[in-house]
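Shown below: data_22.cif, with mmCIF, N, CA and C atoms.
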```
data_data
#
loop_
_atom_site.label_atom_id
_atom_site.label_comp_id
_atom_site.auth_asym_id
_atom_site.auth_seq_id
_atom_site.Cartn_x
_atom_site.Cartn_y
_atom_site.Cartn_z
N MET H 27 -19.22 197.03 143.55
CA MET H 27 -18.84 196.24 144.70
C MET H 27 -19.44 194.84 144.60
N LEU H 28 -18.73 193.89 145.11
CA LEU H 28 -19.23 192.53 145.14
C LEU H 28 -20.18 192.36 146.30
N SER H 29 -21.14 191.52 146.10
CA SER H 29 -22.06 191.27 147.21
C SER H 29 -21.37 190.35 148.21
N ARG H 30 -21.86 190.32 149.41
CA ARG H 30 -21.30 189.50 150.47
C ARG H 30 -21.32 188.03 150.07
N LYS H 31 -22.34 187.61 149.34
CA LYS H 31 -22.49 186.22 148.90
C LYS H 31 -21.29 185.83 148.02
N TYR H 32 -20.88 186.68 147.08
CA TYR H 32 -19.76 186.37 146.20
C TYR H 32 -18.43 186.43 146.95
N GLU H 33 -18.30 187.34 147.92
CA GLU H 33 -17.08 187.41 148.72
C GLU H 33 -16.89 186.13 149.52
N GLU H 34 -17.96 185.59 150.10
CA GLU H 34 -17.87 184.35 150.87
C GLU H 34 -17.48 183.19 149.97
N ARG H 35 -18.07 183.13 148.77
CA ARG H 35 -17.73 182.06 147.82
C ARG H 35 -16.27 182.16 147.41
N GLY H 36 -15.78 183.38 147.20
CA GLY H 36 -14.38 183.59 146.83
C GLY H 36 -13.44 183.13 147.92
N ALA H 37 -13.80 183.43 149.18
CA ALA H 37 -12.97 183.02 150.31
C ALA H 37 -12.94 181.50 150.43
N VAL H 38 -14.08 180.86 150.22
CA VAL H 38 -14.15 179.39 150.27
C VAL H 38 -13.30 178.81 149.14
N LEU H 39 -13.35 179.40 147.96
CA LEU H 39 -12.57 178.93 146.82
C LEU H 39 -11.07 179.05 147.10
N VAL H 40 -10.64 180.17 147.66
CA VAL H 40 -9.22 180.37 147.98
C VAL H 40 -8.75 179.33 148.99
N VAL H 41 -9.54 179.10 150.04
CA VAL H 41 -9.18 178.10 151.05
C VAL H 41 -9.10 176.72 150.42
N ALA H 42 -10.02 176.37 149.54
CA ALA H 42 -10.03 175.06 148.89
C ALA H 42 -8.80 174.89 148.01
N VAL H 43 -8.43 175.94 147.26
CA VAL H 43 -7.25 175.86 146.39
C VAL H 43 -5.98 175.71 147.23
N LEU H 44 -5.86 176.46 148.32
CA LEU H 44 -4.68 176.34 149.18
C LEU H 44 -4.59 174.96 149.81
N ALA H 45 -5.73 174.41 150.26
CA ALA H 45 -5.73 173.07 150.85
C ALA H 45 -5.31 172.03 149.82
N ALA H 46 -5.81 172.15 148.59
CA ALA H 46 -5.44 171.21 147.53
C ALA H 46 -3.95 171.31 147.21
N ALA H 47 -3.41 172.53 147.19
CA ALA H 47 -1.98 172.71 146.92
C ALA H 47 -1.14 172.07 147.99
N MET H 48 -1.54 172.20 149.25
CA MET H 48 -0.77 171.59 150.34
C MET H 48 -0.83 170.07 150.25
N VAL H 49 -1.97 169.50 149.92
CA VAL H 49 -2.10 168.05 149.78
C VAL H 49 -1.23 167.55 148.63
N LEU H 50 -1.28 168.24 147.50
CA LEU H 50 -0.47 167.84 146.35
C LEU H 50 1.02 167.98 146.63
N ALA H 51 1.42 169.00 147.37
CA ALA H 51 2.83 169.17 147.71
C ALA H 51 3.31 168.01 148.57
N GLY H 52 2.45 167.48 149.42
CA GLY H 52 2.81 166.35 150.26
C GLY H 52 2.92 165.05 149.49
N CYS H 53 2.37 165.00 148.28
CA CYS H 53 2.42 163.78 147.48
C CYS H 53 3.73 163.64 146.71
N GLY H 54 4.54 164.70 146.66
CA GLY H 54 5.79 164.66 145.90
C GLY H 54 6.85 163.86 146.61
N SER H 55 8.00 163.77 145.99
CA SER H 55 9.14 163.06 146.55
C SER H 55 9.64 163.79 147.78
N SER H 56 10.09 163.03 148.77
CA SER H 56 10.62 163.63 149.99
C SER H 56 12.12 163.86 149.86
N GLY H 57 12.66 163.79 148.66
CA GLY H 57 14.09 164.02 148.47
C GLY H 57 14.77 162.74 148.04
N PRO H 58 16.11 162.75 148.09
CA PRO H 58 16.85 161.57 147.65
C PRO H 58 16.53 160.36 148.51
N SER H 59 16.55 159.19 147.88
CA SER H 59 16.27 157.98 148.62
C SER H 59 17.47 157.57 149.44
N LEU H 60 17.29 156.65 150.38
CA LEU H 60 18.38 156.15 151.21
C LEU H 60 19.46 155.53 150.34
N ALA H 61 19.07 154.88 149.26
CA ALA H 61 20.06 154.27 148.35
C ALA H 61 20.94 155.35 147.74
N ASN H 62 20.34 156.48 147.34
CA ASN H 62 21.13 157.57 146.78
C ASN H 62 22.06 158.16 147.83
N ASP H 63 21.57 158.33 149.07
CA ASP H 63 22.40 158.86 150.14
C ASP H 63 23.59 157.95 150.39
N GLN H 64 23.36 156.64 150.43
CA GLN H 64 24.45 155.70 150.68
C GLN H 64 25.44 155.71 149.52
N GLN H 65 24.93 155.84 148.30
CA GLN H 65 25.81 155.89 147.14
C GLN H 65 26.71 157.13 147.22
N LEU H 66 26.14 158.27 147.61
CA LEU H 66 26.94 159.49 147.76
C LEU H 66 27.96 159.35 148.88
N ALA H 67 27.57 158.70 149.98
CA ALA H 67 28.47 158.54 151.12
C ALA H 67 29.66 157.66 150.75
N ASN H 68 29.51 156.78 149.80
CA ASN H 68 30.60 155.88 149.41
C ASN H 68 31.52 156.51 148.38
N GLN H 69 31.25 157.72 147.95
CA GLN H 69 32.07 158.39 146.96
C GLN H 69 32.92 159.47 147.61
N THR H 70 34.02 159.77 146.98
CA THR H 70 34.78 160.94 147.36
C THR H 70 34.29 162.07 146.48
N LEU H 71 33.71 163.07 147.10
CA LEU H 71 33.18 164.19 146.33
C LEU H 71 34.26 165.25 146.23
N ASP H 72 34.70 165.52 145.03
CA ASP H 72 35.77 166.48 144.82
C ASP H 72 35.42 167.33 143.61
N ILE H 73 35.86 168.56 143.62
CA ILE H 73 35.63 169.45 142.49
C ILE H 73 36.89 169.45 141.63
N ASN H 74 36.75 169.06 140.37
CA ASN H 74 37.86 169.06 139.43
C ASN H 74 39.08 168.32 139.99
N PRO H 75 38.93 167.06 140.36
CA PRO H 75 40.05 166.33 140.97
C PRO H 75 41.20 166.11 139.99
N HIS H 76 42.41 166.21 140.50
CA HIS H 76 43.62 165.96 139.72
C HIS H 76 44.61 165.17 140.57
N ASP H 77 45.42 164.38 139.91
CA ASP H 77 46.53 163.71 140.58
C ASP H 77 47.52 164.80 140.98
N PRO H 78 47.91 164.86 142.26
CA PRO H 78 48.84 165.91 142.70
C PRO H 78 50.13 165.94 141.89
N ALA H 79 50.57 164.82 141.36
CA ALA H 79 51.82 164.79 140.59
C ALA H 79 51.70 165.58 139.28
N THR H 80 50.48 165.80 138.80
CA THR H 80 50.29 166.52 137.54
C THR H 80 50.11 168.02 137.73
N LEU H 81 50.08 168.49 138.98
CA LEU H 81 49.85 169.91 139.25
C LEU H 81 51.15 170.70 139.20
N ALA H 82 51.08 171.90 138.69
CA ALA H 82 52.24 172.77 138.61
C ALA H 82 52.41 173.52 139.93
N ASP H 83 53.66 173.85 140.26
CA ASP H 83 53.92 174.68 141.43
C ASP H 83 53.40 176.09 141.14
N GLY H 84 52.95 176.74 142.20
CA GLY H 84 52.45 178.09 142.02
C GLY H 84 51.98 178.66 143.34
N ASN H 85 51.31 179.75 143.28
CA ASN H 85 50.79 180.42 144.47
C ASN H 85 49.28 180.23 144.53
N PHE H 86 48.80 180.09 145.75
CA PHE H 86 47.37 180.03 145.99
C PHE H 86 46.99 181.26 146.79
N VAL H 87 46.02 181.99 146.32
CA VAL H 87 45.56 183.18 147.03
C VAL H 87 44.27 182.80 147.75
N PHE H 88 44.33 182.85 149.07
CA PHE H 88 43.18 182.48 149.89
C PHE H 88 42.28 183.70 150.02
N PRO H 89 41.00 183.61 149.60
CA PRO H 89 40.11 184.78 149.68
C PRO H 89 39.62 185.01 151.11
N LEU H 90 40.13 186.04 151.76
CA LEU H 90 39.76 186.35 153.14
C LEU H 90 39.14 187.74 153.21
N ASP H 91 38.22 187.90 154.13
CA ASP H 91 37.65 189.22 154.39
C ASP H 91 38.69 190.12 155.05
N PHE H 92 39.52 189.53 155.91
CA PHE H 92 40.53 190.26 156.66
C PHE H 92 41.52 189.24 157.22
N TRP H 93 42.69 189.70 157.62
CA TRP H 93 43.69 188.82 158.20
C TRP H 93 43.31 188.52 159.65
N GLU H 94 43.65 187.34 160.11
CA GLU H 94 43.30 186.92 161.47
C GLU H 94 44.01 187.76 162.52
N PRO H 95 43.29 188.26 163.53
CA PRO H 95 43.95 189.00 164.61
C PRO H 95 44.80 188.08 165.48
N ASN H 96 44.38 186.83 165.64
CA ASN H 96 45.22 185.81 166.27
C ASN H 96 44.74 184.44 165.80
N TRP H 97 45.50 183.44 166.07
CA TRP H 97 45.22 182.10 165.54
C TRP H 97 44.62 181.18 166.59
N ASN H 98 44.08 181.73 167.66
CA ASN H 98 43.51 180.93 168.73
C ASN H 98 41.99 181.01 168.65
N GLY H 99 41.35 179.93 168.19
CA GLY H 99 39.90 179.89 168.07
C GLY H 99 39.18 179.91 169.40
N ASN H 100 39.92 179.74 170.51
CA ASN H 100 39.32 179.79 171.84
C ASN H 100 39.28 181.21 172.40
N GLU H 101 39.88 182.16 171.69
CA GLU H 101 39.87 183.56 172.10
C GLU H 101 38.75 184.29 171.34
N ILE H 102 38.16 185.28 171.97
CA ILE H 102 37.06 185.99 171.34
C ILE H 102 37.50 186.69 170.05
N ASP H 103 38.71 187.22 170.01
CA ASP H 103 39.15 187.92 168.80
C ASP H 103 39.83 186.99 167.79
N GLY H 104 39.91 185.71 168.10
CA GLY H 104 40.48 184.74 167.16
C GLY H 104 39.43 183.81 166.60
N ASN H 105 38.21 183.94 167.08
CA ASN H 105 37.15 183.03 166.67
C ASN H 105 36.20 183.77 165.73
N ASP H 106 36.49 183.68 164.44
CA ASP H 106 35.63 184.33 163.46
C ASP H 106 35.44 183.39 162.28
N GLU H 107 34.75 183.85 161.25
CA GLU H 107 34.39 182.97 160.14
C GLU H 107 35.59 182.50 159.32
N ASN H 108 36.70 183.24 159.31
CA ASN H 108 37.87 182.84 158.53
C ASN H 108 38.70 181.77 159.24
N GLU H 109 38.70 181.78 160.56
CA GLU H 109 39.58 180.92 161.34
C GLU H 109 39.43 179.43 161.03
N PRO H 110 38.21 178.86 161.05
CA PRO H 110 38.12 177.42 160.75
C PRO H 110 38.54 177.10 159.31
N LEU H 111 38.21 177.98 158.37
CA LEU H 111 38.60 177.73 156.98
C LEU H 111 40.11 177.69 156.82
N LEU H 112 40.79 178.66 157.45
CA LEU H 112 42.24 178.72 157.36
C LEU H 112 42.90 177.53 158.06
N LEU H 113 42.48 177.27 159.29
CA LEU H 113 43.12 176.19 160.05
C LEU H 113 42.88 174.84 159.40
N ASN H 114 41.68 174.59 158.89
CA ASN H 114 41.42 173.31 158.23
C ASN H 114 42.25 173.14 156.97
N ALA H 115 42.54 174.24 156.29
CA ALA H 115 43.33 174.16 155.06
C ALA H 115 44.82 174.08 155.34
N LEU H 116 45.29 174.71 156.41
CA LEU H 116 46.73 174.84 156.63
C LEU H 116 47.33 173.91 157.67
N MET H 117 46.55 173.50 158.64
CA MET H 117 47.10 172.71 159.75
C MET H 117 46.86 171.22 159.54
N PRO H 118 47.80 170.41 159.99
CA PRO H 118 47.60 168.96 159.88
C PRO H 118 46.44 168.50 160.75
N ARG H 119 45.78 167.47 160.30
CA ARG H 119 44.65 166.92 161.05
C ARG H 119 44.93 165.46 161.34
N LEU H 120 44.94 165.12 162.62
CA LEU H 120 45.24 163.75 163.01
C LEU H 120 44.10 162.79 162.70
N PHE H 121 42.89 163.32 162.67
CA PHE H 121 41.72 162.49 162.38
C PHE H 121 40.95 163.09 161.21
N LEU H 122 40.45 162.23 160.35
CA LEU H 122 39.71 162.66 159.17
C LEU H 122 38.24 162.28 159.32
N ILE H 123 37.35 163.20 159.03
CA ILE H 123 35.91 162.93 159.09
C ILE H 123 35.49 162.30 157.77
N GLN H 124 34.80 161.18 157.86
CA GLN H 124 34.35 160.44 156.69
C GLN H 124 32.99 160.95 156.23
N PRO H 125 32.58 160.64 155.00
CA PRO H 125 31.27 161.09 154.50
C PRO H 125 30.09 160.65 155.37
N ASP H 126 30.23 159.53 156.09
CA ASP H 126 29.13 159.07 156.94
C ASP H 126 29.17 159.68 158.33
N GLY H 127 30.13 160.60 158.58
CA GLY H 127 30.19 161.28 159.86
C GLY H 127 31.13 160.64 160.86
N THR H 128 31.64 159.47 160.59
CA THR H 128 32.59 158.84 161.50
C THR H 128 33.98 159.42 161.26
N SER H 129 34.87 159.17 162.19
CA SER H 129 36.25 159.64 162.01
C SER H 129 37.18 158.45 161.95
N LYS H 130 38.31 158.66 161.29
CA LYS H 130 39.36 157.64 161.25
C LYS H 130 40.69 158.36 161.37
N ILE H 131 41.71 157.62 161.77
CA ILE H 131 43.01 158.25 161.91
C ILE H 131 43.55 158.64 160.54
N ASN H 132 44.32 159.70 160.52
CA ASN H 132 44.98 160.12 159.29
C ASN H 132 46.31 159.38 159.24
N PRO H 133 46.48 158.42 158.32
CA PRO H 133 47.70 157.60 158.29
C PRO H 133 48.95 158.40 157.96
N ASP H 134 48.81 159.64 157.48
CA ASP H 134 49.98 160.48 157.24
C ASP H 134 50.67 160.86 158.56
N TYR H 135 49.90 160.85 159.66
CA TYR H 135 50.45 161.29 160.94
C TYR H 135 50.41 160.22 162.02
N LEU H 136 49.42 159.34 162.00
CA LEU H 136 49.27 158.34 163.06
C LEU H 136 49.20 156.94 162.47
N THR H 137 49.69 155.97 163.25
CA THR H 137 49.49 154.57 162.87
C THR H 137 48.38 153.94 163.69
N SER H 138 48.11 154.51 164.88
CA SER H 138 47.00 154.03 165.69
C SER H 138 46.64 155.07 166.75
N ALA H 139 45.44 154.92 167.28
CA ALA H 139 44.95 155.75 168.37
C ALA H 139 43.99 154.89 169.18
N ALA H 140 44.18 154.87 170.50
CA ALA H 140 43.32 154.02 171.34
C ALA H 140 43.20 154.61 172.73
N VAL H 141 42.04 154.41 173.35
CA VAL H 141 41.85 154.76 174.75
C VAL H 141 42.50 153.63 175.55
N THR H 142 43.56 153.95 176.28
CA THR H 142 44.29 152.92 177.01
C THR H 142 43.97 152.92 178.50
N SER H 143 43.23 153.92 178.98
CA SER H 143 42.78 153.97 180.36
C SER H 143 41.54 154.85 180.41
N THR H 144 40.61 154.50 181.31
CA THR H 144 39.40 155.31 181.44
C THR H 144 39.36 156.13 182.72
N ASN H 145 40.18 155.78 183.72
CA ASN H 145 40.17 156.53 184.97
C ASN H 145 41.58 156.65 185.52
N PRO H 146 42.30 157.70 185.20
CA PRO H 146 41.92 158.82 184.36
C PRO H 146 41.95 158.41 182.88
N GLN H 147 41.24 159.17 182.08
CA GLN H 147 41.20 158.85 180.65
C GLN H 147 42.55 159.14 180.02
N VAL H 148 43.07 158.13 179.30
CA VAL H 148 44.34 158.26 178.59
C VAL H 148 44.13 157.77 177.17
N VAL H 149 44.50 158.59 176.22
CA VAL H 149 44.44 158.21 174.82
C VAL H 149 45.88 158.10 174.32
N THR H 150 46.23 156.95 173.78
CA THR H 150 47.58 156.73 173.28
C THR H 150 47.58 156.87 171.77
N LEU H 151 48.39 157.79 171.27
CA LEU H 151 48.54 158.02 169.84
C LEU H 151 49.91 157.52 169.41
N ASP H 152 49.95 156.64 168.43
CA ASP H 152 51.21 156.18 167.87
C ASP H 152 51.48 156.98 166.61
N ILE H 153 52.56 157.76 166.65
CA ILE H 153 52.89 158.64 165.53
C ILE H 153 53.56 157.84 164.42
N ASN H 154 53.15 158.09 163.21
CA ASN H 154 53.75 157.45 162.04
C ASN H 154 55.22 157.87 161.97
N PRO H 155 56.16 156.89 161.96
CA PRO H 155 57.58 157.25 161.92
C PRO H 155 57.97 158.01 160.64
N GLN H 156 57.15 157.94 159.60
CA GLN H 156 57.42 158.66 158.36
C GLN H 156 56.91 160.10 158.39
N ALA H 157 56.15 160.48 159.43
CA ALA H 157 55.59 161.83 159.52
C ALA H 157 56.71 162.82 159.82
N ARG H 158 56.88 163.79 158.93
CA ARG H 158 57.96 164.77 159.06
C ARG H 158 57.45 166.16 158.68
N TRP H 159 58.11 167.16 159.27
CA TRP H 159 57.87 168.53 158.89
C TRP H 159 58.53 168.77 157.53
N THR H 160 58.22 169.89 156.90
CA THR H 160 58.76 170.16 155.57
C THR H 160 60.28 170.27 155.56
N ASP H 161 60.89 170.55 156.72
CA ASP H 161 62.35 170.62 156.77
C ASP H 161 62.98 169.26 157.07
N GLY H 162 62.15 168.20 157.16
CA GLY H 162 62.66 166.85 157.40
C GLY H 162 62.67 166.43 158.86
N THR H 163 62.36 167.35 159.77
CA THR H 163 62.32 167.03 161.20
C THR H 163 61.16 166.09 161.49
N PRO H 164 61.43 164.97 162.19
CA PRO H 164 60.33 164.04 162.51
C PRO H 164 59.28 164.68 163.43
N LEU H 165 58.05 164.30 163.24
CA LEU H 165 56.95 164.73 164.10
C LEU H 165 57.08 164.00 165.43
N THR H 166 56.90 164.71 166.53
CA THR H 166 56.99 164.10 167.87
C THR H 166 55.76 164.43 168.69
N TRP H 167 55.69 163.87 169.87
CA TRP H 167 54.58 164.13 170.77
C TRP H 167 54.51 165.61 171.13
N ARG H 168 55.65 166.30 171.15
CA ARG H 168 55.66 167.73 171.48
C ARG H 168 54.90 168.56 170.44
N ASP H 169 54.92 168.09 169.20
CA ASP H 169 54.22 168.82 168.13
C ASP H 169 52.71 168.69 168.27
N ILE H 170 52.27 167.62 168.86
CA ILE H 170 50.83 167.39 169.01
C ILE H 170 50.35 168.09 170.26
#
```
Once you've parsed the file, please lay out its structure as structure tokens.
Amino acid sequence: MLSRKYEERGAVLVVAVLAAAMVLAGCGSSGPSLANDQQLANQTLDINPHDPATLADGNFVFPLDFWEPNWNGNEIDGNDENEPLLLNALMPRLFLIQPDGTSKINPDYLTSAAVTSTNPQVVTLDINPQARWTDGTPLTWRDI
């Protein structure tokens, strides 16, 4: 058995080593610099990007745990982990979120969007006249 004197010295040594490790960990880099963050924000981050004109027609199999019970994310049985992934991939989005967190209009669907009254609040969306459904039907306010 170790004597009490050696046990106390061992405990002091362990505390000293842990304190030194915490101090040294604090001396390291705190992560990417602001310049690196800004550089990333100015890039479009894509995995294996290709010009859509060079892609072949085919089928895409979406990996789902299960099929959606309904497509309404405001319903308890329609709000699950698959719903946002599916809707973001399949449904048109009038506004696009930028890498810096701001949003801008999607020019495929809108030419402008503005708050035209505050009491009551009115937002006026000008639909791009070129926006059409796959069957050629123009997009209208009823679709939005």
Requested in this report: State, in Å with one decimal place, the distance from atom C of H:Tyr135 to atom N of H:Ala157.
Outcome: 6.3 Å
Query raised in the report: Can you tell me, as a list in words, what residues are no more than 10 Å from H:Pro95 when counting only C-alpha atoms, ignoring any on the same chain fewer than 2 positions away?
Result: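 My list of contacting residues is Phe92, Trp93, Trp97, Asn98, Asp103, Gly104, Asn105, Asp106 and Glu109 of chain H.
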Report task. Skip H:Asn132 itself and residues of its chain fewer than 3 positions away, then list as a ChimeraX atom specification all residues within 7 Å of it, counting all atoms listed in the file. Result -> /H:119-122,135-137
Query raised in the report: So which residues touch H:Val87 within 12 Å, counting only C-alpha atoms, skipping near sequence neighbours fewer than 3 positions away, as number ranges by chain?
Result: H: 84, 90, 112
Requested in this report: Would you mind listing what lies within 9 Å of H:Leu165 as a ChimeraX atom specification, with only C-alpha atoms counted and same-chain residues fewer than 6 positions away left out?
Outcome: /H:135,153-159
Given 6 Å of margin on each side, can you work out the centre and size in Å (one decimal) of an axis-aligned box holding every listed atom of stretch 101-111 of chain H, as lines of an AutoDock Vina configuration file?
```
center_x = 37.4
center_y = 182.5
center_z = 164.5
size_x = 18.1
size_y = 22.8
size_z = 27.3
```
Query - Atom pair atom N of H:Asp169 / atom CA of H:Leu113: separation (Å) - result: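 Atom N of H:Asp169 sits 17.0 Å away from atom CA of H:Leu113.
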Query raised in the report: So what do you get for atom N of H:Asp91 versus atom C of H:Asn108, distance-wise?
Result: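 Separation between atom N of H:Asp91 and atom C of H:Asn108: 8.0 Å.
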**Report entry** Filtered DSSP result for stretch 64-169 of chain H, state strand (DSSP E), as a ChimeraX atom specification
**Finding:** /H:121-123,129-131,136-144,147-153
Query raised in the report: Nearest to H:Ala140: which of H:Asn96, H:Asp152, H:Leu111, H:Ile123 is it, counting only C-alpha atoms?
Result: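 Nearest candidate to H:Ala140 out of H:Asn96, H:Asp152, H:Leu111, H:Ile123: H:Asp152.
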